[in-house]
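Below is the file run19.txt, which contains compact mmCIF, C-alpha atoms and all ligand atoms.
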```
# COMPACT_ATOMS: atom_id res chain seq x y z
CA VAL P 234 -42.80 23.04 20.94
CA THR P 235 -39.76 25.27 20.63
CA GLU P 236 -36.54 23.97 22.02
CA ALA P 237 -33.91 26.31 23.36
CA VAL P 238 -31.16 26.83 20.81
CA THR P 239 -27.95 25.96 22.58
CA GLU P 240 -24.53 27.22 21.63
CA ALA P 241 -23.77 23.75 20.24
CA ASP P 242 -26.74 23.89 17.83
CA ARG P 243 -25.70 27.14 16.18
CA PRO P 244 -23.93 26.77 12.85
CA LEU P 245 -20.23 27.58 13.04
CA ASP P 246 -19.32 30.98 11.64
CA LEU P 247 -15.61 31.30 12.26
CA VAL P 248 -14.15 32.63 9.02
CA ALA P 249 -13.33 35.94 10.74
CA ASP P 250 -10.76 34.04 12.84
CA PHE P 251 -8.77 33.28 9.68
CA PRO P 252 -6.94 36.33 8.32
CA ALA P 253 -5.62 34.50 5.23
CA ILE P 254 -9.14 33.81 3.93
CA PRO P 255 -10.32 36.97 2.12
CA ALA P 256 -14.04 37.68 1.68
CA GLY P 257 -15.49 35.81 -1.27
CA TRP P 258 -12.77 33.16 -1.50
CA ALA P 259 -14.08 29.61 -1.03
CA TYR P 260 -11.17 27.66 0.43
CA LEU P 261 -12.09 24.00 -0.06
CA ASP P 262 -8.66 22.39 0.31
CA THR P 263 -8.43 21.79 4.05
CA ALA P 264 -7.60 18.11 3.49
CA ALA P 265 -4.31 19.31 1.97
CA THR P 266 -3.68 21.85 4.70
CA ALA P 267 -5.87 23.89 7.04
CA GLN P 268 -5.80 27.68 7.22
CA LYS P 269 -4.55 29.14 10.53
CA PRO P 270 -6.73 30.90 13.09
CA ARG P 271 -5.51 34.06 14.79
CA PRO P 272 -4.68 32.37 18.14
CA VAL P 273 -2.24 30.04 16.35
CA ILE P 274 -0.61 32.90 14.44
CA GLU P 275 -0.38 34.92 17.67
CA ALA P 276 1.18 32.01 19.58
CA ILE P 277 3.85 31.69 16.88
CA THR P 278 4.46 35.44 16.74
CA ARG P 279 4.71 35.66 20.55
CA ALA P 280 7.12 32.72 20.70
CA TYR P 281 9.51 34.23 18.13
CA GLY P 282 8.89 37.85 19.09
CA GLU P 283 8.86 37.70 22.88
CA THR P 284 9.77 34.42 24.57
CA TYR P 285 12.15 32.69 22.18
CA ALA P 286 15.12 30.57 23.33
CA THR P 287 16.23 26.97 22.91
CA VAL P 288 14.89 24.07 24.97
CA HIS P 289 16.45 21.37 27.16
CA ARG P 290 19.89 22.95 27.34
CA GLY P 291 19.85 26.44 28.72
CA VAL P 292 20.82 27.18 32.29
CA TYR P 293 19.16 30.59 32.02
CA GLN P 294 15.54 31.34 32.88
CA ARG P 295 14.32 32.06 29.34
CA SER P 296 15.40 28.61 28.14
CA ALA P 297 13.94 26.92 31.22
CA ASP P 298 10.62 28.67 30.50
CA MET P 299 10.70 27.63 26.85
CA THR P 300 11.40 24.04 27.90
CA LEU P 301 8.33 24.16 30.15
CA ALA P 302 6.24 25.51 27.25
CA TYR P 303 7.54 22.82 24.85
CA GLU P 304 6.78 20.07 27.36
CA ALA P 305 3.38 21.62 28.10
CA ALA P 306 2.61 21.25 24.38
CA ARG P 307 3.49 17.55 24.64
CA ARG P 308 1.14 17.17 27.63
CA ARG P 309 -1.58 19.00 25.69
CA VAL P 310 -1.23 16.58 22.76
CA ALA P 311 -1.36 13.61 25.14
CA ARG P 312 -4.59 14.88 26.69
CA PHE P 313 -6.06 15.73 23.27
CA ILE P 314 -5.72 12.17 21.95
CA GLY P 315 -6.24 10.30 25.22
CA ALA P 316 -2.67 8.97 25.51
CA GLY P 317 -1.78 7.12 28.70
CA ALA P 318 1.33 9.23 29.31
CA GLU P 319 3.00 12.30 27.81
CA SER P 320 6.18 10.24 27.28
CA GLU P 321 4.22 8.37 24.58
CA ILE P 322 4.11 11.55 22.45
CA VAL P 323 7.02 11.93 20.01
CA PHE P 324 7.25 15.24 18.14
CA VAL P 325 8.15 14.71 14.49
CA ARG P 326 7.92 16.78 11.29
CA GLY P 327 4.54 15.35 10.32
CA ALA P 328 2.60 12.19 9.66
CA THR P 329 5.06 11.19 6.94
CA GLU P 330 7.95 11.22 9.38
CA ALA P 331 5.88 9.51 12.09
CA ILE P 332 5.09 6.57 9.81
CA ASN P 333 8.67 6.35 8.53
CA LEU P 334 9.87 6.30 12.14
CA VAL P 335 7.70 3.26 12.90
CA ALA P 336 8.63 1.60 9.60
CA GLN P 337 12.36 1.98 10.27
CA CYS P 338 12.59 1.56 14.05
CA TRP P 339 9.84 -0.99 14.58
CA ALA P 340 8.99 -2.83 11.33
CA ALA P 341 12.50 -2.98 9.84
CA VAL P 342 13.78 -4.29 13.19
CA GLN P 343 10.95 -6.65 14.14
CA LEU P 344 9.87 -8.20 10.84
CA LYS P 345 11.37 -11.38 9.35
CA PRO P 346 11.13 -12.91 5.87
CA GLY P 347 7.60 -14.19 5.34
CA ASP P 348 6.00 -11.86 7.91
CA ARG P 349 3.09 -9.92 6.45
CA ILE P 350 1.82 -6.33 6.60
CA LEU P 351 -1.82 -5.50 5.79
CA LEU P 352 -2.54 -2.10 4.20
CA SER P 353 -5.66 -0.95 2.34
CA GLN P 354 -6.36 0.13 -1.21
CA LEU P 355 -7.13 3.71 -0.12
CA GLU P 356 -3.91 4.57 1.73
CA HIS P 357 -1.97 7.78 1.17
CA HIS P 358 1.49 7.14 -0.33
CA SER P 359 2.98 8.00 3.05
CA ASN P 360 1.21 4.95 4.51
CA ILE P 361 2.41 2.71 1.66
CA VAL P 362 5.97 3.57 0.65
CA PRO P 363 7.55 3.44 4.15
CA TRP P 364 6.21 -0.14 4.50
CA GLN P 365 7.57 -1.05 1.08
CA LEU P 366 11.00 0.17 2.21
CA ALA P 367 10.72 -1.89 5.43
CA ALA P 368 9.50 -4.92 3.46
CA GLU P 369 12.46 -4.66 1.08
CA LYS P 370 14.84 -4.62 4.03
CA THR P 371 13.24 -7.54 5.89
CA GLY P 372 11.65 -9.82 3.29
CA ALA P 373 8.17 -9.11 4.67
CA VAL P 374 5.22 -9.22 2.29
CA ILE P 375 2.50 -6.56 1.86
CA ASP P 376 -1.18 -7.48 1.44
CA VAL P 377 -3.82 -5.00 0.33
CA CYS P 378 -7.28 -4.97 1.85
CA PRO P 379 -9.94 -4.06 -0.76
CA LEU P 380 -12.70 -1.47 -0.37
CA THR P 381 -16.47 -1.80 -0.17
CA ALA P 382 -18.52 -0.54 -3.12
CA ASP P 383 -19.06 2.80 -1.37
CA GLY P 384 -15.36 3.30 -0.65
CA ARG P 385 -14.71 2.10 2.88
CA ILE P 386 -11.92 -0.20 3.97
CA ASP P 387 -13.63 -3.61 3.87
CA LEU P 388 -12.98 -4.96 7.36
CA ASP P 389 -14.92 -8.16 6.57
CA ALA P 390 -12.31 -8.79 3.88
CA ALA P 391 -9.55 -7.86 6.34
CA GLU P 392 -10.92 -10.43 8.77
CA ARG P 393 -10.71 -13.12 6.08
CA MET P 394 -7.21 -12.04 5.00
CA LEU P 395 -5.49 -11.76 8.39
CA THR P 396 -3.28 -14.66 9.50
CA PRO P 397 -0.77 -15.19 12.33
CA ALA P 398 1.93 -14.19 9.80
CA HIS P 399 0.57 -10.63 9.91
CA LYS P 400 2.59 -8.50 12.31
CA LEU P 401 1.28 -5.10 11.34
CA VAL P 402 -1.92 -3.56 10.03
CA ALA P 403 -1.64 0.09 8.91
CA LEU P 404 -4.82 1.97 7.92
CA ALA P 405 -6.12 5.50 7.51
CA HIS P 406 -8.61 6.66 10.14
CA VAL P 407 -10.21 8.95 7.53
CA SER P 408 -9.44 8.66 3.81
CA ASN P 409 -7.95 11.87 2.37
CA VAL P 410 -9.75 11.21 -0.93
CA LEU P 411 -13.11 9.68 0.02
CA GLY P 412 -13.55 10.86 3.60
CA SER P 413 -14.57 7.36 4.64
CA VAL P 414 -14.17 6.74 8.37
CA LEU P 415 -12.56 3.56 9.64
CA ASP P 416 -14.04 1.58 12.53
CA VAL P 417 -10.70 1.67 14.38
CA ARG P 418 -11.90 -0.39 17.34
CA ARG P 419 -12.90 -3.24 15.06
CA ALA P 420 -9.64 -2.95 13.07
CA ALA P 421 -7.72 -3.12 16.36
CA ALA P 422 -9.65 -6.18 17.50
CA LEU P 423 -8.99 -7.91 14.16
CA ALA P 424 -5.27 -7.04 14.21
CA HIS P 425 -4.83 -8.06 17.83
CA GLY P 426 -6.77 -11.27 17.16
CA VAL P 427 -3.85 -12.53 15.04
CA GLY P 428 -1.15 -10.91 17.21
CA ALA P 429 -0.52 -7.94 14.87
CA LYS P 430 -0.08 -4.28 15.83
CA LEU P 431 -2.34 -1.58 14.41
CA LEU P 432 -0.95 1.72 13.15
CA VAL P 433 -3.57 4.36 12.40
CA ASP P 434 -2.83 7.23 10.00
CA GLY P 435 -4.87 9.93 11.73
CA CYS P 436 -3.90 12.82 9.45
CA GLN P 437 -7.45 13.55 8.26
CA ALA P 438 -9.15 12.43 11.46
CA VAL P 439 -7.73 14.60 14.25
CA ALA P 440 -9.30 17.81 12.95
CA ARG P 441 -12.64 16.15 12.17
CA LEU P 442 -13.41 13.59 14.90
CA ALA P 443 -12.79 13.29 18.63
CA VAL P 444 -9.87 10.83 18.91
CA ASP P 445 -9.03 8.77 21.99
CA VAL P 446 -6.22 6.35 21.26
CA THR P 447 -6.83 4.43 24.49
CA ALA P 448 -10.50 3.84 23.63
CA LEU P 449 -9.62 3.06 20.00
CA ASP P 450 -7.11 0.46 21.27
CA CYS P 451 -4.63 1.02 18.42
CA ASP P 452 -0.85 0.69 18.92
CA PHE P 453 0.52 3.62 16.89
CA TYR P 454 -1.25 6.85 15.84
CA ALA P 455 0.27 9.43 13.47
CA PHE P 456 -0.80 12.94 12.45
CA SER P 457 0.43 16.31 11.17
CA GLY P 458 -0.07 19.65 12.91
CA HIS P 459 -0.80 21.61 9.73
CA LYS P 460 -4.05 19.74 9.00
CA LEU P 461 -5.21 20.52 12.55
CA TYR P 462 -5.04 24.32 12.05
CA GLY P 463 -1.48 24.30 13.44
CA PRO P 464 1.90 25.04 11.83
CA THR P 465 3.68 22.98 9.19
CA GLY P 466 6.81 21.11 10.21
CA ILE P 467 5.37 19.66 13.42
CA GLY P 468 3.55 16.37 13.81
CA VAL P 469 2.98 13.62 16.28
CA LEU P 470 3.71 9.95 16.66
CA TRP P 471 1.86 8.35 19.54
CA ALA P 472 2.87 4.79 20.45
CA ARG P 473 2.28 2.58 23.44
CA ALA P 474 5.08 3.10 25.97
CA ALA P 475 6.24 -0.54 25.80
CA LEU P 476 6.62 -0.32 22.01
CA LEU P 477 8.58 2.95 22.13
CA GLU P 478 10.88 1.64 24.87
CA ALA P 479 11.79 -1.39 22.75
CA MET P 480 12.53 0.68 19.64
CA PRO P 481 16.08 1.75 18.73
CA PRO P 482 16.73 5.44 17.96
CA TYR P 483 15.51 6.92 14.68
CA GLN P 484 18.26 9.49 14.15
CA GLY P 485 21.40 10.16 16.15
CA GLY P 486 22.51 13.55 17.43
CA GLY P 487 22.12 15.98 20.27
CA SER P 488 19.29 15.77 22.82
CA MET P 489 18.71 12.03 22.36
CA ILE P 490 21.75 10.70 24.23
CA ASP P 491 22.52 9.91 27.82
CA THR P 492 26.32 9.77 27.46
CA VAL P 493 28.54 9.78 24.38
CA SER P 494 32.05 8.41 24.06
CA PHE P 495 33.86 6.77 21.15
CA ALA P 496 33.78 3.53 23.12
CA ARG P 497 30.05 3.52 23.84
CA THR P 498 27.04 5.82 23.57
CA THR P 499 23.85 5.40 25.55
CA TYR P 500 20.46 6.88 24.77
CA LEU P 501 17.76 8.68 26.66
CA PRO P 502 14.40 6.99 27.14
CA ALA P 503 11.46 7.84 24.88
CA PRO P 504 10.38 10.35 23.71
CA ALA P 505 13.76 12.19 23.82
CA ARG P 506 15.47 9.19 22.17
CA PHE P 507 13.45 9.90 19.01
CA GLU P 508 13.90 13.68 18.96
CA ALA P 509 17.52 14.19 17.89
CA GLY P 510 18.60 17.76 17.29
CA THR P 511 16.97 21.08 18.14
CA PRO P 512 13.26 20.41 17.77
CA HIS P 513 10.62 22.57 16.09
CA ILE P 514 10.08 24.45 19.36
CA VAL P 515 7.72 27.10 18.04
CA GLY P 516 5.88 24.48 15.99
CA ALA P 517 5.01 22.63 19.19
CA LEU P 518 3.73 25.87 20.77
CA GLY P 519 1.65 26.60 17.67
CA LEU P 520 0.23 23.08 17.78
CA HIS P 521 -0.70 23.63 21.43
CA ALA P 522 -2.64 26.76 20.44
CA ALA P 523 -4.33 24.88 17.57
CA ILE P 524 -5.50 22.12 19.89
CA ASP P 525 -6.86 24.73 22.32
CA TYR P 526 -8.69 26.34 19.39
CA VAL P 527 -10.40 23.18 18.08
CA GLU P 528 -11.23 21.91 21.56
CA ALA P 529 -12.83 25.22 22.50
CA ILE P 530 -15.16 24.74 19.51
CA GLY P 531 -15.57 21.03 20.25
CA LEU P 532 -14.70 18.16 17.91
CA ASP P 533 -18.28 16.87 17.98
CA ARG P 534 -19.52 20.25 16.82
CA ILE P 535 -16.87 20.44 14.10
CA HIS P 536 -17.83 16.97 12.94
CA ALA P 537 -21.53 17.87 12.83
CA HIS P 538 -20.73 21.11 10.94
CA GLU P 539 -18.62 19.35 8.31
CA SER P 540 -21.09 16.48 7.97
CA ALA P 541 -23.83 19.01 7.19
CA LEU P 542 -21.58 20.62 4.54
CA VAL P 543 -20.85 17.19 3.04
CA ALA P 544 -24.56 16.37 2.90
CA GLU P 545 -25.34 19.70 1.26
CA ALA P 546 -22.50 19.40 -1.26
CA ARG P 547 -23.34 15.80 -2.16
CA ALA P 548 -27.00 16.65 -2.60
CA ALA P 549 -26.26 19.68 -4.81
CA LEU P 550 -23.60 17.92 -6.91
CA GLY P 551 -25.72 14.76 -7.06
CA ARG P 552 -28.50 16.73 -8.78
CA MET P 553 -26.11 17.61 -11.64
CA ASN P 554 -26.18 14.61 -13.93
CA ILE P 555 -22.70 15.37 -15.28
CA VAL P 556 -21.15 14.86 -11.83
CA ARG P 557 -19.99 11.51 -10.47
CA LEU P 558 -19.55 11.38 -6.70
CA PHE P 559 -17.05 9.08 -5.00
CA GLY P 560 -17.04 7.76 -1.45
CA PRO P 561 -19.69 7.15 1.18
CA ALA P 562 -22.53 9.56 2.01
CA ASP P 563 -21.33 9.86 5.63
CA SER P 564 -17.85 11.02 4.63
CA ALA P 565 -15.97 13.14 7.19
CA GLY P 566 -15.56 16.55 5.58
CA ILE P 567 -14.30 15.40 2.15
CA VAL P 568 -16.11 15.03 -1.19
CA SER P 569 -14.31 13.68 -4.26
CA PHE P 570 -16.03 13.99 -7.62
CA ALA P 571 -15.57 13.95 -11.38
CA VAL P 572 -17.26 16.04 -14.04
CA GLU P 573 -18.08 13.86 -17.03
CA GLY P 574 -15.71 14.41 -19.94
CA VAL P 575 -13.64 17.10 -18.15
CA HIS P 576 -10.21 16.49 -16.65
CA PRO P 577 -10.15 17.31 -12.90
CA HIS P 578 -7.31 19.80 -13.50
CA ASP P 579 -9.56 21.75 -15.88
CA VAL P 580 -12.34 21.63 -13.30
CA GLY P 581 -9.92 23.01 -10.69
CA THR P 582 -8.67 25.78 -13.00
CA ILE P 583 -12.17 26.95 -13.93
CA LEU P 584 -13.27 26.85 -10.29
CA ASP P 585 -10.22 28.95 -9.37
CA GLU P 586 -11.35 31.61 -11.86
CA GLY P 587 -14.52 31.80 -9.76
CA ARG P 588 -12.47 32.05 -6.53
CA VAL P 589 -13.10 28.48 -5.44
CA ALA P 590 -9.98 26.54 -4.36
CA ILE P 591 -10.25 22.77 -4.65
CA ARG P 592 -7.62 20.07 -5.14
CA ALA P 593 -7.39 18.07 -8.36
CA GLY P 594 -5.08 15.13 -8.90
CA HIS P 595 -4.28 11.71 -7.51
CA HIS P 596 -4.05 13.09 -3.94
CA CYS P 597 -0.96 10.93 -3.22
CA ALA P 598 -3.21 7.87 -3.53
CA GLN P 599 -2.40 6.36 -6.94
CA PRO P 600 -3.48 2.81 -5.93
CA LEU P 601 -6.88 4.23 -4.96
CA MET P 602 -7.17 6.05 -8.31
CA ALA P 603 -6.43 2.70 -10.02
CA ALA P 604 -9.19 1.02 -7.98
CA LEU P 605 -11.66 3.80 -8.85
CA GLY P 606 -10.64 3.51 -12.51
CA VAL P 607 -9.78 7.21 -12.87
CA PRO P 608 -6.45 9.04 -13.27
CA ALA P 609 -7.47 11.76 -10.83
CA THR P 610 -10.43 13.25 -8.99
CA ALA P 611 -11.54 16.73 -8.05
CA ARG P 612 -11.82 17.08 -4.27
CA ALA P 613 -13.60 19.59 -2.09
CA SER P 614 -12.73 19.37 1.60
CA PHE P 615 -14.17 21.41 4.43
CA GLY P 616 -12.96 23.08 7.60
CA VAL P 617 -14.44 25.09 10.45
CA TYR P 618 -14.41 28.28 8.31
CA ASN P 619 -16.59 26.91 5.51
CA GLY P 620 -20.30 27.52 5.17
CA PRO P 621 -23.21 27.26 2.74
CA ALA P 622 -21.85 30.18 0.64
CA ASP P 623 -18.80 28.05 -0.20
CA ILE P 624 -21.01 25.19 -1.41
CA ALA P 625 -23.02 27.65 -3.50
CA ALA P 626 -19.79 28.97 -5.05
CA LEU P 627 -18.67 25.40 -5.78
CA VAL P 628 -21.98 24.57 -7.48
CA ASP P 629 -21.88 27.81 -9.52
CA GLY P 630 -18.34 26.93 -10.58
CA ILE P 631 -19.31 23.46 -11.74
CA GLU P 632 -22.23 24.86 -13.68
CA ARG P 633 -19.70 27.13 -15.40
CA VAL P 634 -17.52 24.09 -16.17
CA ALA P 635 -20.57 22.41 -17.71
CA ARG P 636 -21.32 25.50 -19.85
CA ILE P 637 -17.72 25.84 -21.04
CA PHE P 638 -17.41 22.17 -21.96
CA GLY P 639 -20.92 22.01 -23.36
N1 LIG C 1 -1.89 10.54 5.43
C1 LIG C 1 -2.97 11.18 4.98
C2 LIG C 1 -4.31 10.48 5.02
C3 LIG C 1 -2.85 12.47 4.47
O1 LIG C 1 -3.94 13.11 4.03
C4 LIG C 1 -1.58 13.10 4.44
C5 LIG C 1 -1.39 14.49 3.88
N2 LIG C 1 -2.04 14.69 2.65
C6 LIG C 1 -0.49 12.38 4.94
C7 LIG C 1 -0.68 11.12 5.43
C8 LIG C 1 0.88 12.98 4.97
O2 LIG C 1 0.94 14.09 5.78
P1 LIG C 1 2.20 15.09 5.74
O3 LIG C 1 2.42 15.40 4.29
O4 LIG C 1 1.74 16.27 6.52
O5 LIG C 1 3.34 14.37 6.37
```
As a first step, turn the structure in this file into structure tokens.
Ligand code: PMP
Amino acid sequence: VTEAVTEADRPLDLVADFPAIPAGWAYLDTAATAQKPRPVIEAITRAYGETYATVHRGVYQRSADMTLAYEAARRRVARFIGAGAESEIVFVRGATEAINLVAQCWAAVQLKPGDRILLSQLEHHSNIVPWQLAAEKTGAVIDVCPLTADGRIDLDAAERMLTPAHKLVALAHVSNVLGSVLDVRRAAALAHGVGAKLLVDGCQAVARLAVDVTALDCDFYAFSGHKLYGPTGIGVLWARAALLEAMPPYQGGGSMIDTVSFARTTYLPAPARFEAGTPHIVGALGLHAAIDYVEAIGLDRIHAHESALVAEARAALGRMNIVRLFGPADSAGIVSFAVEGVHPHDVGTILDEGRVAIRAGHHCAQPLMAALGVPATARASFGVYNGPADIAALVDGIERVARIFG
């Protein structure tokens, strides 16, 4: 029986869309930042080269048009992540700023001495340090949820740890080191069960999984545009409308006020209240184009493509007895590994000589490195432009590492 091969079954072959990836270069560092497809580059070029003007202020047509385009990008983001309303989308510089915004305007305002925050052992520093700053200000205490043996956030442990003193749970949707995927719905149910809010760091998830914040039932969701094939300098904080409305401003300045006088200043409602100053206008337009690009491919297809690459890479590396693999087998697009007796930086340097770009280091996750008992890992991470040839180049490179180090 032969089944019709549908468009969705065909392997992705999109590297030609990415002008900064030359032939024969295996770019395996998408978890750090994704390369940009032509439609994103063209949207940015068109915005600066043809349609550019400021937003929200101009009385002339060009500025009114740019304002419409900027707000259309906000609507596009809202639809992309299943937000209830576009006013729940705050444009920020990136996930780091999104999390700091919540830490300063929600946690540092709401938390009292003795309140507790639950994080996990695998968080990126940007989902740790902002909470430490808020805890220092408020006297709140941070608890750390451990991981399962295969490198997932252990939600059974979280269930045992959570108490009514917990006001916030902040967890990564996908680990930037291990690729492990969080069961966000269960995390939300656990957090809400004790009256806590759930913030999800979606940096590694939005380009790899279909995300619907309403279905996930979280309270805050943060991500960066540049890991979603969009520009740097633009990111998103989504929060439930009621939470945003109760939060004081993040920064003061133009565009976030209703009226200003030395006697009394009043603020605009969200999201404008959190977007002081001239925003990254062109960044928002580039992000819009990036979302159009990934949705035209389909997140389910991207996920299947990257899962196949992960399976292939883990199988090939697993056959080399000098390689130790970290993380679960069903990781979303990310494989961390170590080569026995060789520092990950040396692995990365030798791979680079063979035109394979991986990341080596602590990946801004030093507490996770401590839990794994290593100073650093080598990490290969995949995007829509990768294919079997990249895995072959990675395997060749590691065989070379093995030869050089004997
Ligand atoms: N969280 C995770 C899981 C990440 O991978 C990253 C980026 N490495 C961040 C947060 C921070 O993102 P940005 O540096 O773009 O603000």
Which of these, P:Ala448, P:Ala265, P:Ala590, P:Leu442, has the shortest distance to ligand LIG 1 (chain C) once you count all atoms listed in the file?
->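 For ligand LIG 1 (chain C), the nearest of the candidates is P:Ala265.
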Neighbourhood query: residues within 7 Å of (4.4, 24.2, 25.7), file coordinates, counting only C-alpha atoms; return as a list in words.
-> Leu301, Ala302, Tyr303, Glu304, Ala305, Ala306, Arg307, Ala517, Leu518 and His521 of chain P
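From CA of Ala429 (chain P) back to CA of Ala368 (chain P), the distance works out to 15.5 Å.
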Would you list the residues near (7.6, -12.7, 4.2), meaning any protein, DNA or RNA residue with an atom at most 9 Å from that point in file coordinates, counting only C-alpha atoms, as a list in words?
->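 Residues lying no farther than 9 Å from the given point: Leu344, Lys345, Pro346, Gly347, Asp348, Arg349, Ile350, Ala368, Thr371, Gly372, Ala373, Val374, Ile375 and Ala398 of chain P.
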So that I have them on file, write out the residues from the current selection with C-alpha atoms, as an mmCIF file, keeping the file's coordinate frame.
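Printed below is selection-v1.cif as written:
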```
data_model
loop_
_atom_site.group_PDB
_atom_site.id
_atom_site.type_symbol
_atom_site.label_atom_id
_atom_site.label_comp_id
_atom_site.auth_asym_id
_atom_site.auth_seq_id
_atom_site.Cartn_x
_atom_site.Cartn_y
_atom_site.Cartn_z
ATOM 1 C CA LEU P 344 9.870 -8.200 10.840
ATOM 2 C CA LYS P 345 11.370 -11.380 9.350
ATOM 3 C CA PRO P 346 11.130 -12.910 5.870
ATOM 4 C CA GLY P 347 7.600 -14.190 5.340
ATOM 5 C CA ASP P 348 6.000 -11.860 7.910
ATOM 6 C CA ARG P 349 3.090 -9.920 6.450
ATOM 7 C CA ILE P 350 1.820 -6.330 6.600
ATOM 8 C CA ALA P 368 9.500 -4.920 3.460
ATOM 9 C CA THR P 371 13.240 -7.540 5.890
ATOM 10 C CA GLY P 372 11.650 -9.820 3.290
ATOM 11 C CA ALA P 373 8.170 -9.110 4.670
ATOM 12 C CA VAL P 374 5.220 -9.220 2.290
ATOM 13 C CA ILE P 375 2.500 -6.560 1.860
ATOM 14 C CA ALA P 398 1.930 -14.190 9.800
#
```
List all protein, DNA and RNA residues that have at least one atom no more than 6 Å from any atom of ligand LIG 1 (chain C), counting only C-alpha atoms and all ligand atoms, and write them as a list in words.
-> Ala265, Gly327, Ala328, Thr329, His357, Ser359, Ala405, Ser408, Asn409, Asp434, Cys436, Gln437 and Ser457 of chain P
Would you kindly return, as a list in words, each protein, DNA or RNA residue with an atom no farther than 8 Å from any atom of region 488-492 of chain P, considering all atoms listed in the file and excluding same-chain residues fewer than 3 positions away?
-> His289, Gly485, Thr498, Thr499, Tyr500, Leu501, Ala505, Arg506, Phe507, Glu508, Ala509, Gly510 and Thr511 of chain P
Interatomic distance between CA of Ala367 (chain P) and CA of Ala336 (chain P)?
->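 One can read the CA of Ala367 (chain P) to CA of Ala336 (chain P) distance as 5.8 Å.
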Work out how far apart CA of His399 (chain P) and CA of Gly560 (chain P) are and give it in Å to one decimal.
->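 Going from CA of His399 (chain P) over to CA of Gly560 (chain P), I get 27.9 Å.
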Between P:Gln337, P:Ser494, P:Gln294, P:Thr263, smallest distance to Val410 (chain P) by only C-alpha atoms belongs to P:Thr263
